[in-house]
Amino acid sequence: MTRLLLIGPPGAGKGTQAARLAEIYGIPAISTGDIFRSNVKNGTELGTKAKAFMDAGDNVPDSLTNELIRDRLEDADAQDGFLLDGYPRTTDQVRELDSFLASHGAALDAVVELEADPEVVVARLRKRALEQGRSDDTEAVVRHRLEVYSEQTAPLVKIYASRDVLVTIDALGEIDAVTERITEALVERGIAAADTTSR
Ligand code: AMP
């Protein structure tokens, strides 16, 4: 049972690493950004409400986000652990997650911070814009998302550091190398990969 959280600026490679870590630890990767994007794509009421915030590079209001993540964490596949990618993003969301976990007698095992230079992430996101055509990957919106990150999300790093669950990883370099840094740092904290031989 492993409960992890991935935190870092847009473009640090959270989505890529989340998919790999989910596989390694045998837990679902839960990305609020992905959930919002699929709602936008399917034209749901939530998607309609979230779209303008996303396109502007602003956080979707907590009132929409907290309920969504509560529902997702209640799903059967999240009962034996999970990896949250992109949530929590604000101190209010931390409080919300804390109360959710406390009411389930659970706690986070580690918070992995992916650290990356802002100019490098801007360049990465420029490349992703060409490859994936995400509407929030234009240069102006990317810069705004970085500001939103440093104002609203970066303070979370201190909160988790003070709780002694923070692991900071250099997110630059090859994808495999970054994954290895993360798994090694987690082993040091006593968090091992899932035993896939028994599954
Ligand atoms: P991401 O895929 O994590 O970069 O998220 C893309 C966009 O979805 C963000 O810029 C926000 O508009 C929205 N979003 C994702 N996660 C959250 C969250 N936890 N709280 C508020 N907005 C979010």
# chains A, B, ... in the order shown; residues from 1 in each chain; ligands from 1
>>> residues_near_ligand(ligand="ligand 1", cutoff="8 Å", atoms="only C-alpha atoms and all ligand atoms", output="PyMOL selection string")
chain A and resi 10-11+15+31-34+36-37+50-51+53-62+65-66+85-90+93+136+145
>>> residues_around(residues="region 79-83 of chain A", least_positions_apart="2", cutoff="7 Å", atoms="only C-alpha atoms", output="ChimeraX atom specification")
/A:1-5,22,27-30,76-77,85
>>> write_last_selection(atoms="N, CA, C and O atoms", output="PDB file, in the first residue's frame")
ATOM      1  N   MET A   1       0.856  -1.204   0.000  1.00  0.00           N
ATOM      2  CA  MET A   1       0.000   0.000   0.000  1.00  0.00           C
ATOM      3  C   MET A   1       0.882   1.240   0.000  1.00  0.00           C
ATOM      4  O   MET A   1       1.580   1.493   0.970  1.00  0.00           O
ATOM      5  N   THR A   2       0.858   1.957  -1.103  1.00  0.00           N
ATOM      6  CA  THR A   2       1.720   3.141  -1.199  1.00  0.00           C
ATOM      7  C   THR A   2       0.893   4.344  -1.628  1.00  0.00           C
ATOM      8  O   THR A   2       0.169   4.273  -2.615  1.00  0.00           O
ATOM      9  N   ARG A   3       1.017   5.406  -0.853  1.00  0.00           N
ATOM     10  CA  ARG A   3       0.301   6.634  -1.220  1.00  0.00           C
ATOM     11  C   ARG A   3       1.323   7.734  -1.489  1.00  0.00           C
ATOM     12  O   ARG A   3       2.041   8.148  -0.584  1.00  0.00           O
ATOM     13  N   LEU A   4       1.357   8.140  -2.741  1.00  0.00           N
ATOM     14  CA  LEU A   4       2.367   9.107  -3.161  1.00  0.00           C
ATOM     15  C   LEU A   4       1.731  10.328  -3.775  1.00  0.00           C
ATOM     16  O   LEU A   4       0.613  10.271  -4.303  1.00  0.00           O
ATOM     17  N   LEU A   5       2.511  11.402  -3.749  1.00  0.00           N
ATOM     18  CA  LEU A   5       2.056  12.630  -4.368  1.00  0.00           C
ATOM     19  C   LEU A   5       3.220  13.185  -5.184  1.00  0.00           C
ATOM     20  O   LEU A   5       4.371  13.141  -4.729  1.00  0.00           O
ATOM     21  N   ALA A  22       3.283   4.584 -11.441  1.00  0.00           N
ATOM     22  CA  ALA A  22       2.049   3.815 -11.242  1.00  0.00           C
ATOM     23  C   ALA A  22       2.317   2.345 -11.544  1.00  0.00           C
ATOM     24  O   ALA A  22       1.906   1.447 -10.802  1.00  0.00           O
ATOM     25  N   ILE A  27      -0.006   1.040  -8.475  1.00  0.00           N
ATOM     26  CA  ILE A  27      -1.066   1.917  -7.949  1.00  0.00           C
ATOM     27  C   ILE A  27      -1.590   2.789  -9.099  1.00  0.00           C
ATOM     28  O   ILE A  27      -0.873   3.014 -10.072  1.00  0.00           O
ATOM     29  N   PRO A  28      -2.835   3.268  -9.010  1.00  0.00           N
ATOM     30  CA  PRO A  28      -3.332   4.130 -10.087  1.00  0.00           C
ATOM     31  C   PRO A  28      -2.722   5.535 -10.013  1.00  0.00           C
ATOM     32  O   PRO A  28      -2.553   6.073  -8.921  1.00  0.00           O
ATOM     33  N   ALA A  29      -2.373   6.083 -11.175  1.00  0.00           N
ATOM     34  CA  ALA A  29      -1.947   7.487 -11.241  1.00  0.00           C
ATOM     35  C   ALA A  29      -3.205   8.318 -11.438  1.00  0.00           C
ATOM     36  O   ALA A  29      -3.967   8.074 -12.369  1.00  0.00           O
ATOM     37  N   ILE A  30      -3.420   9.245 -10.537  1.00  0.00           N
ATOM     38  CA  ILE A  30      -4.629  10.062 -10.607  1.00  0.00           C
ATOM     39  C   ILE A  30      -4.222  11.508 -10.886  1.00  0.00           C
ATOM     40  O   ILE A  30      -3.582  12.148 -10.055  1.00  0.00           O
ATOM     41  N   ALA A  76     -12.692   1.951  -6.075  1.00  0.00           N
ATOM     42  CA  ALA A  76     -12.104   0.708  -5.564  1.00  0.00           C
ATOM     43  C   ALA A  76     -10.600   0.623  -5.830  1.00  0.00           C
ATOM     44  O   ALA A  76      -9.831   0.206  -4.968  1.00  0.00           O
ATOM     45  N   ASP A  77     -10.163   1.047  -7.005  1.00  0.00           N
ATOM     46  CA  ASP A  77      -8.750   0.870  -7.364  1.00  0.00           C
ATOM     47  C   ASP A  77      -7.814   1.764  -6.556  1.00  0.00           C
ATOM     48  O   ASP A  77      -6.601   1.576  -6.590  1.00  0.00           O
ATOM     49  N   ASP A  85      -1.171  13.196  -9.080  1.00  0.00           N
ATOM     50  CA  ASP A  85      -0.355  14.054  -9.953  1.00  0.00           C
ATOM     51  C   ASP A  85      -1.152  15.330 -10.226  1.00  0.00           C
ATOM     52  O   ASP A  85      -2.197  15.285 -10.868  1.00  0.00           O
TER      53      ASP A  85
END
>>> atom_distance(atom1="CA of Gly133 (chain A)", atom2="CA of Ala12 (chain A)")
17.7 Å
>>> closest_atom_pairs(of="region 3-85 of chain A", to="region 182-196 of chain A", cutoff="6 Å", atoms="only C-alpha atoms", output="Markdown table")
| residue | atom | partner | partner_atom | distance |
| --- | --- | --- | --- | --- |
| A:Ile24 | CA | A:Ala193 | CA | 5.5 |
| A:Tyr25 | CA | A:Ala194 | CA | 4.6 |
| A:Gly26 | CA | A:Ala194 | CA | 5.6 |
>>> write_last_selection(atoms="N, CA and C atoms", output="PDB file, in the first residue's frame")
ATOM      1  N   ILE A  24       5.325   0.827 -11.605  1.00  0.00           N
ATOM      2  CA  ILE A  24       6.322   0.272 -10.680  1.00  0.00           C
ATOM      3  C   ILE A  24       5.715  -0.074  -9.319  1.00  0.00           C
ATOM      4  N   TYR A  25       4.855   0.818  -8.808  1.00  0.00           N
ATOM      5  CA  TYR A  25       4.314   0.602  -7.462  1.00  0.00           C
ATOM      6  C   TYR A  25       2.955  -0.092  -7.475  1.00  0.00           C
ATOM      7  N   GLY A  26       2.427  -0.370  -8.684  1.00  0.00           N
ATOM      8  CA  GLY A  26       1.147  -1.064  -8.771  1.00  0.00           C
ATOM      9  C   GLY A  26      -0.010  -0.262  -8.199  1.00  0.00           C
TER      10      GLY A  26
END
>>> select_by_dssp(residues="region 161-194 of chain A", states="strand (DSSP E)", output="PyMOL selection string")
chain A and resi 166-170
>>> closest_residue(among="A:Ala154, A:Asp164, A:Thr16, A:Lys49", to="Glu115 (chain A)", atoms="only C-alpha atoms")
A:Ala154
>>> residues_around(residues="Ile159 (chain A)", least_positions_apart="6", cutoff="10 Å", atoms="only C-alpha atoms", output="number ranges by chain")
A: 91, 94, 165-166
>>> atom_distance(atom1="CA of Glu119 (chain A)", atom2="CA of Leu21 (chain A)")
25.6 Å
>>> residues_around(residues="Leu68 (chain A)", least_positions_apart="4", cutoff="9 Å", atoms="only C-alpha atoms", output="JSON, numbers by chain")
{"A": [32, 35, 64, 72, 73]}
>>> write_last_selection(atoms="all heavy atoms", output="mmCIF file, in the first residue's frame")
data_model
loop_
_atom_site.group_PDB
_atom_site.id
_atom_site.type_symbol
_atom_site.label_atom_id
_atom_site.label_comp_id
_atom_site.auth_asym_id
_atom_site.auth_seq_id
_atom_site.Cartn_x
_atom_site.Cartn_y
_atom_site.Cartn_z
ATOM 1 N N THR A 32 -5.526 15.220 -11.789
ATOM 2 C CA THR A 32 -6.705 16.094 -11.900
ATOM 3 C C THR A 32 -6.725 16.778 -13.268
ATOM 4 O O THR A 32 -7.785 16.956 -13.852
ATOM 5 C CB THR A 32 -6.734 17.148 -10.764
ATOM 6 O OG1 THR A 32 -5.404 17.615 -10.533
ATOM 7 C CG2 THR A 32 -7.295 16.577 -9.491
ATOM 8 N N ILE A 35 -8.243 14.402 -15.677
ATOM 9 C CA ILE A 35 -9.692 14.261 -15.435
ATOM 10 C C ILE A 35 -10.419 15.486 -16.002
ATOM 11 O O ILE A 35 -11.439 15.364 -16.684
ATOM 12 C CB ILE A 35 -9.994 14.082 -13.921
ATOM 13 C CG1 ILE A 35 -9.341 12.788 -13.404
ATOM 14 C CG2 ILE A 35 -11.505 14.048 -13.685
ATOM 15 C CD1 ILE A 35 -9.448 12.586 -11.895
ATOM 16 N N LEU A 64 -14.783 23.005 -7.386
ATOM 17 C CA LEU A 64 -14.970 21.977 -8.418
ATOM 18 C C LEU A 64 -13.971 20.847 -8.246
ATOM 19 O O LEU A 64 -14.255 19.688 -8.530
ATOM 20 C CB LEU A 64 -14.769 22.580 -9.818
ATOM 21 C CG LEU A 64 -15.737 23.682 -10.248
ATOM 22 C CD1 LEU A 64 -15.366 24.207 -11.626
ATOM 23 C CD2 LEU A 64 -17.164 23.133 -10.267
ATOM 24 N N ARG A 72 -12.942 10.393 -6.793
ATOM 25 C CA ARG A 72 -11.963 9.512 -7.435
ATOM 26 C C ARG A 72 -11.223 8.648 -6.408
ATOM 27 O O ARG A 72 -10.948 7.478 -6.649
ATOM 28 C CB ARG A 72 -10.972 10.359 -8.264
ATOM 29 C CG ARG A 72 -9.910 9.547 -9.005
ATOM 30 C CD ARG A 72 -10.514 8.634 -10.054
ATOM 31 N NE ARG A 72 -9.527 7.727 -10.659
ATOM 32 C CZ ARG A 72 -9.200 6.529 -10.168
ATOM 33 N NH1 ARG A 72 -9.763 6.076 -9.044
ATOM 34 N NH2 ARG A 72 -8.313 5.776 -10.781
ATOM 35 N N LEU A 73 -10.914 9.253 -5.256
ATOM 36 C CA LEU A 73 -10.174 8.502 -4.229
ATOM 37 C C LEU A 73 -11.048 7.454 -3.537
ATOM 38 O O LEU A 73 -10.538 6.552 -2.881
ATOM 39 C CB LEU A 73 -9.567 9.458 -3.193
ATOM 40 C CG LEU A 73 -8.410 10.326 -3.700
ATOM 41 C CD1 LEU A 73 -7.941 11.297 -2.613
ATOM 42 C CD2 LEU A 73 -7.236 9.473 -4.178
#
>>> select_by_dssp(residues="region 18-158 of chain A", states="alpha helix (DSSP H)", output="mmCIF file with N, CA and C atoms, in the first residue's frame")
data_model
loop_
_atom_site.group_PDB
_atom_site.id
_atom_site.type_symbol
_atom_site.label_atom_id
_atom_site.label_comp_id
_atom_site.auth_asym_id
_atom_site.auth_seq_id
_atom_site.Cartn_x
_atom_site.Cartn_y
_atom_site.Cartn_z
ATOM 1 N N ALA A 18 4.584 9.958 -13.621
ATOM 2 C CA ALA A 18 3.426 9.379 -12.919
ATOM 3 C C ALA A 18 3.056 8.035 -13.540
ATOM 4 N N ALA A 19 3.043 7.976 -14.874
ATOM 5 C CA ALA A 19 2.661 6.727 -15.550
ATOM 6 C C ALA A 19 3.645 5.615 -15.193
ATOM 7 N N ARG A 20 4.919 5.950 -15.146
ATOM 8 C CA ARG A 20 5.935 4.934 -14.832
ATOM 9 C C ARG A 20 5.855 4.495 -13.378
ATOM 10 N N LEU A 21 5.664 5.460 -12.486
ATOM 11 C CA LEU A 21 5.615 5.122 -11.060
ATOM 12 C C LEU A 21 4.383 4.283 -10.748
ATOM 13 N N ALA A 22 3.283 4.584 -11.441
ATOM 14 C CA ALA A 22 2.049 3.815 -11.242
ATOM 15 C C ALA A 22 2.317 2.345 -11.544
ATOM 16 N N GLU A 23 3.041 2.131 -12.617
ATOM 17 C CA GLU A 23 3.385 0.769 -13.033
ATOM 18 C C GLU A 23 4.294 0.104 -11.993
ATOM 19 N N ILE A 24 5.325 0.827 -11.605
ATOM 20 C CA ILE A 24 6.322 0.272 -10.680
ATOM 21 C C ILE A 24 5.715 -0.074 -9.319
ATOM 22 N N TYR A 25 4.855 0.818 -8.808
ATOM 23 C CA TYR A 25 4.314 0.602 -7.462
ATOM 24 C C TYR A 25 2.955 -0.092 -7.475
ATOM 25 N N THR A 32 -5.526 15.220 -11.789
ATOM 26 C CA THR A 32 -6.705 16.094 -11.900
ATOM 27 C C THR A 32 -6.725 16.778 -13.268
ATOM 28 N N GLY A 33 -5.546 17.124 -13.799
ATOM 29 C CA GLY A 33 -5.491 17.748 -15.130
ATOM 30 C C GLY A 33 -6.090 16.819 -16.188
ATOM 31 N N ASP A 34 -5.732 15.522 -16.129
ATOM 32 C CA ASP A 34 -6.286 14.552 -17.091
ATOM 33 C C ASP A 34 -7.797 14.424 -16.927
ATOM 34 N N ILE A 35 -8.243 14.402 -15.677
ATOM 35 C CA ILE A 35 -9.692 14.261 -15.435
ATOM 36 C C ILE A 35 -10.419 15.486 -16.002
ATOM 37 N N PHE A 36 -9.853 16.675 -15.753
ATOM 38 C CA PHE A 36 -10.477 17.894 -16.311
ATOM 39 C C PHE A 36 -10.467 17.840 -17.833
ATOM 40 N N ARG A 37 -9.321 17.459 -18.424
ATOM 41 C CA ARG A 37 -9.247 17.427 -19.897
ATOM 42 C C ARG A 37 -10.260 16.452 -20.492
ATOM 43 N N SER A 38 -10.442 15.311 -19.846
ATOM 44 C CA SER A 38 -11.395 14.359 -20.431
ATOM 45 C C SER A 38 -12.820 14.895 -20.271
ATOM 46 N N ASN A 39 -13.086 15.638 -19.199
ATOM 47 C CA ASN A 39 -14.410 16.261 -19.066
ATOM 48 C C ASN A 39 -14.645 17.343 -20.119
ATOM 49 N N VAL A 40 -13.587 18.089 -20.423
ATOM 50 C CA VAL A 40 -13.709 19.119 -21.466
ATOM 51 C C VAL A 40 -14.008 18.434 -22.797
ATOM 52 N N LYS A 41 -13.255 17.375 -23.076
ATOM 53 C CA LYS A 41 -13.404 16.656 -24.347
ATOM 54 C C LYS A 41 -14.810 16.074 -24.502
ATOM 55 N N GLU A 45 -20.726 18.951 -17.823
ATOM 56 C CA GLU A 45 -20.961 20.222 -17.139
ATOM 57 C C GLU A 45 -19.675 20.678 -16.435
ATOM 58 N N LEU A 46 -18.992 19.717 -15.801
ATOM 59 C CA LEU A 46 -17.730 20.044 -15.121
ATOM 60 C C LEU A 46 -16.709 20.584 -16.130
ATOM 61 N N GLY A 47 -16.629 19.927 -17.278
ATOM 62 C CA GLY A 47 -15.692 20.353 -18.313
ATOM 63 C C GLY A 47 -15.998 21.767 -18.792
ATOM 64 N N THR A 48 -17.278 22.035 -18.964
ATOM 65 C CA THR A 48 -17.690 23.367 -19.431
ATOM 66 C C THR A 48 -17.273 24.428 -18.411
ATOM 67 N N LYS A 49 -17.443 24.090 -17.133
ATOM 68 C CA LYS A 49 -17.093 25.056 -16.078
ATOM 69 C C LYS A 49 -15.572 25.227 -15.972
ATOM 70 N N ALA A 50 -14.826 24.145 -16.176
ATOM 71 C CA ALA A 50 -13.377 24.184 -15.957
ATOM 72 C C ALA A 50 -12.610 24.804 -17.121
ATOM 73 N N LYS A 51 -13.159 24.710 -18.319
ATOM 74 C CA LYS A 51 -12.396 25.027 -19.531
ATOM 75 C C LYS A 51 -11.773 26.430 -19.530
ATOM 76 N N ALA A 52 -12.561 27.435 -19.152
ATOM 77 C CA ALA A 52 -12.043 28.804 -19.232
ATOM 78 C C ALA A 52 -10.837 28.993 -18.305
ATOM 79 N N PHE A 53 -10.899 28.372 -17.124
ATOM 80 C CA PHE A 53 -9.780 28.479 -16.174
ATOM 81 C C PHE A 53 -8.538 27.797 -16.754
ATOM 82 N N MET A 54 -8.761 26.621 -17.314
ATOM 83 C CA MET A 54 -7.636 25.859 -17.859
ATOM 84 C C MET A 54 -6.982 26.596 -19.024
ATOM 85 N N ASP A 55 -7.817 27.116 -19.929
ATOM 86 C CA ASP A 55 -7.276 27.814 -21.102
ATOM 87 C C ASP A 55 -6.489 29.053 -20.693
ATOM 88 N N ALA A 56 -6.880 29.664 -19.572
ATOM 89 C CA ALA A 56 -6.178 30.864 -19.114
ATOM 90 C C ALA A 56 -4.935 30.491 -18.295
ATOM 91 N N ASP A 62 -11.364 25.514 -6.227
ATOM 92 C CA ASP A 62 -11.335 24.368 -5.320
ATOM 93 C C ASP A 62 -12.704 23.712 -5.198
ATOM 94 N N SER A 63 -13.771 24.518 -5.301
ATOM 95 C CA SER A 63 -15.119 23.962 -5.157
ATOM 96 C C SER A 63 -15.373 22.870 -6.199
ATOM 97 N N LEU A 64 -14.783 23.005 -7.386
ATOM 98 C CA LEU A 64 -14.970 21.977 -8.418
ATOM 99 C C LEU A 64 -13.971 20.847 -8.246
ATOM 100 N N THR A 65 -12.783 21.188 -7.771
ATOM 101 C CA THR A 65 -11.686 20.215 -7.739
ATOM 102 C C THR A 65 -11.788 19.243 -6.567
ATOM 103 N N ASN A 66 -12.126 19.768 -5.388
ATOM 104 C CA ASN A 66 -12.115 18.919 -4.192
ATOM 105 C C ASN A 66 -13.103 17.760 -4.281
ATOM 106 N N GLU A 67 -14.293 18.058 -4.809
ATOM 107 C CA GLU A 67 -15.314 17.018 -4.884
ATOM 108 C C GLU A 67 -14.887 15.927 -5.864
ATOM 109 N N LEU A 68 -14.329 16.404 -6.970
ATOM 110 C CA LEU A 68 -13.878 15.478 -8.012
ATOM 111 C C LEU A 68 -12.833 14.497 -7.462
ATOM 112 N N ILE A 69 -11.895 15.014 -6.692
ATOM 113 C CA ILE A 69 -10.818 14.155 -6.211
ATOM 114 C C ILE A 69 -11.321 13.230 -5.095
ATOM 115 N N ARG A 70 -12.237 13.724 -4.273
ATOM 116 C CA ARG A 70 -12.849 12.868 -3.240
ATOM 117 C C ARG A 70 -13.505 11.662 -3.894
ATOM 118 N N ASP A 71 -14.308 11.930 -4.918
ATOM 119 C CA ASP A 71 -14.999 10.833 -5.613
ATOM 120 C C ASP A 71 -13.987 9.844 -6.190
ATOM 121 N N ARG A 72 -12.942 10.393 -6.793
ATOM 122 C CA ARG A 72 -11.963 9.512 -7.435
ATOM 123 C C ARG A 72 -11.223 8.648 -6.408
ATOM 124 N N LEU A 73 -10.914 9.253 -5.256
ATOM 125 C CA LEU A 73 -10.174 8.502 -4.229
ATOM 126 C C LEU A 73 -11.048 7.454 -3.537
ATOM 127 N N GLU A 74 -12.365 7.582 -3.694
ATOM 128 C CA GLU A 74 -13.274 6.572 -3.131
ATOM 129 C C GLU A 74 -13.356 5.347 -4.034
ATOM 130 N N THR A 91 -3.003 25.503 -0.760
ATOM 131 C CA THR A 91 -3.012 25.097 0.660
ATOM 132 C C THR A 91 -4.409 24.630 1.074
ATOM 133 N N ASP A 92 -5.456 25.204 0.474
ATOM 134 C CA ASP A 92 -6.813 24.722 0.775
ATOM 135 C C ASP A 92 -6.979 23.268 0.350
ATOM 136 N N GLN A 93 -6.396 22.934 -0.782
ATOM 137 C CA GLN A 93 -6.495 21.545 -1.248
ATOM 138 C C GLN A 93 -5.703 20.605 -0.330
ATOM 139 N N VAL A 94 -4.607 21.104 0.233
ATOM 140 C CA VAL A 94 -3.860 20.285 1.201
ATOM 141 C C VAL A 94 -4.756 19.974 2.390
ATOM 142 N N ARG A 95 -5.428 21.003 2.894
ATOM 143 C CA ARG A 95 -6.329 20.795 4.039
ATOM 144 C C ARG A 95 -7.415 19.782 3.703
ATOM 145 N N GLU A 96 -7.957 19.916 2.489
ATOM 146 C CA GLU A 96 -9.015 19.004 2.046
ATOM 147 C C GLU A 96 -8.492 17.554 1.989
ATOM 148 N N LEU A 97 -7.316 17.408 1.393
ATOM 149 C CA LEU A 97 -6.738 16.057 1.292
ATOM 150 C C LEU A 97 -6.419 15.500 2.679
ATOM 151 N N ASP A 98 -5.876 16.367 3.548
ATOM 152 C CA ASP A 98 -5.589 15.935 4.927
ATOM 153 C C ASP A 98 -6.843 15.377 5.587
ATOM 154 N N SER A 99 -7.951 16.097 5.450
ATOM 155 C CA SER A 99 -9.149 15.650 6.154
ATOM 156 C C SER A 99 -9.685 14.379 5.507
ATOM 157 N N PHE A 100 -9.572 14.287 4.186
ATOM 158 C CA PHE A 100 -10.008 13.050 3.522
ATOM 159 C C PHE A 100 -9.192 11.859 4.038
ATOM 160 N N LEU A 101 -7.877 12.012 4.045
ATOM 161 C CA LEU A 101 -7.007 10.905 4.461
ATOM 162 C C LEU A 101 -7.243 10.557 5.933
ATOM 163 N N ALA A 102 -7.351 11.598 6.769
ATOM 164 C CA ALA A 102 -7.562 11.350 8.199
ATOM 165 C C ALA A 102 -8.855 10.571 8.418
ATOM 166 N N SER A 103 -9.904 10.935 7.677
ATOM 167 C CA SER A 103 -11.180 10.251 7.866
ATOM 168 C C SER A 103 -11.119 8.801 7.369
ATOM 169 N N PRO A 118 12.868 26.968 -14.579
ATOM 170 C CA PRO A 118 11.726 27.495 -15.339
ATOM 171 C C PRO A 118 11.990 27.625 -16.842
ATOM 172 N N GLU A 119 13.193 28.060 -17.214
ATOM 173 C CA GLU A 119 13.450 28.229 -18.653
ATOM 174 C C GLU A 119 13.456 26.882 -19.374
ATOM 175 N N VAL A 120 13.908 25.859 -18.685
ATOM 176 C CA VAL A 120 13.916 24.527 -19.292
ATOM 177 C C VAL A 120 12.482 24.037 -19.477
ATOM 178 N N VAL A 121 11.639 24.285 -18.484
ATOM 179 C CA VAL A 121 10.265 23.790 -18.621
ATOM 180 C C VAL A 121 9.510 24.558 -19.707
ATOM 181 N N VAL A 122 9.812 25.843 -19.864
ATOM 182 C CA VAL A 122 9.161 26.596 -20.941
ATOM 183 C C VAL A 122 9.526 25.980 -22.294
ATOM 184 N N ALA A 123 10.784 25.626 -22.457
ATOM 185 C CA ALA A 123 11.223 25.018 -23.717
ATOM 186 C C ALA A 123 10.563 23.649 -23.923
ATOM 187 N N ARG A 124 10.473 22.868 -22.853
ATOM 188 C CA ARG A 124 9.823 21.556 -22.957
ATOM 189 C C ARG A 124 8.369 21.696 -23.357
ATOM 190 N N LEU A 125 7.703 22.688 -22.760
ATOM 191 C CA LEU A 125 6.277 22.848 -23.032
ATOM 192 C C LEU A 125 6.044 23.375 -24.445
ATOM 193 N N ARG A 126 7.022 24.127 -24.957
ATOM 194 C CA ARG A 126 6.912 24.606 -26.337
ATOM 195 C C ARG A 126 6.916 23.388 -27.276
ATOM 196 N N LYS A 127 7.758 22.438 -26.937
ATOM 197 C CA LYS A 127 7.845 21.215 -27.741
ATOM 198 C C LYS A 127 6.533 20.423 -27.620
ATOM 199 N N ARG A 128 6.009 20.313 -26.382
ATOM 200 C CA ARG A 128 4.766 19.563 -26.185
ATOM 201 C C ARG A 128 3.608 20.217 -26.939
ATOM 202 N N ALA A 129 3.614 21.559 -26.998
ATOM 203 C CA ALA A 129 2.550 22.281 -27.712
ATOM 204 C C ALA A 129 2.516 21.836 -29.169
ATOM 205 N N LEU A 130 3.698 21.667 -29.755
ATOM 206 C CA LEU A 130 3.770 21.247 -31.153
ATOM 207 C C LEU A 130 3.311 19.801 -31.302
ATOM 208 N N GLU A 131 3.674 18.956 -30.308
ATOM 209 C CA GLU A 131 3.363 17.529 -30.412
ATOM 210 C C GLU A 131 1.909 17.207 -30.073
ATOM 211 N N GLN A 132 1.378 17.854 -29.014
ATOM 212 C CA GLN A 132 0.052 17.448 -28.510
ATOM 213 C C GLN A 132 -1.040 18.485 -28.745
ATOM 214 N N GLU A 139 2.998 30.031 -25.216
ATOM 215 C CA GLU A 139 4.051 30.598 -24.365
ATOM 216 C C GLU A 139 3.488 31.522 -23.264
ATOM 217 N N ALA A 140 2.530 32.391 -23.620
ATOM 218 C CA ALA A 140 1.992 33.327 -22.613
ATOM 219 C C ALA A 140 1.285 32.553 -21.499
ATOM 220 N N VAL A 141 0.499 31.542 -21.881
ATOM 221 C CA VAL A 141 -0.236 30.774 -20.866
ATOM 222 C C VAL A 141 0.733 29.945 -20.020
ATOM 223 N N VAL A 142 1.762 29.406 -20.658
ATOM 224 C CA VAL A 142 2.764 28.642 -19.917
ATOM 225 C C VAL A 142 3.413 29.521 -18.852
ATOM 226 N N ARG A 143 3.777 30.736 -19.240
ATOM 227 C CA ARG A 143 4.424 31.642 -18.263
ATOM 228 C C ARG A 143 3.466 31.940 -17.115
ATOM 229 N N HIS A 144 2.190 32.112 -17.443
ATOM 230 C CA HIS A 144 1.212 32.366 -16.390
ATOM 231 C C HIS A 144 1.075 31.137 -15.473
ATOM 232 N N ARG A 145 1.065 29.939 -16.080
ATOM 233 C CA ARG A 145 0.949 28.721 -15.258
ATOM 234 C C ARG A 145 2.144 28.589 -14.310
ATOM 235 N N LEU A 146 3.314 29.021 -14.794
ATOM 236 C CA LEU A 146 4.495 28.975 -13.918
ATOM 237 C C LEU A 146 4.341 29.941 -12.742
ATOM 238 N N GLU A 147 3.749 31.119 -13.030
ATOM 239 C CA GLU A 147 3.508 32.091 -11.946
ATOM 240 C C GLU A 147 2.523 31.524 -10.933
ATOM 241 N N VAL A 148 1.443 30.946 -11.470
ATOM 242 C CA VAL A 148 0.432 30.352 -10.582
ATOM 243 C C VAL A 148 1.087 29.266 -9.727
ATOM 244 N N PRO A 155 4.445 26.877 -2.256
ATOM 245 C CA PRO A 155 4.407 26.848 -0.777
ATOM 246 C C PRO A 155 4.100 25.469 -0.184
ATOM 247 N N LEU A 156 3.512 24.598 -0.974
ATOM 248 C CA LEU A 156 3.170 23.252 -0.465
ATOM 249 C C LEU A 156 4.426 22.441 -0.162
ATOM 250 N N VAL A 157 5.497 22.764 -0.889
ATOM 251 C CA VAL A 157 6.749 22.035 -0.709
ATOM 252 C C VAL A 157 7.220 22.177 0.744
ATOM 253 N N LYS A 158 7.111 23.399 1.273
ATOM 254 C CA LYS A 158 7.529 23.649 2.664
ATOM 255 C C LYS A 158 6.645 22.887 3.648
#
>>> closest_residue(among="A:Asp137, A:Asp109, A:Asp117, A:Asp75", to="Pro9 (chain A)", atoms="only C-alpha atoms")
A:Asp117
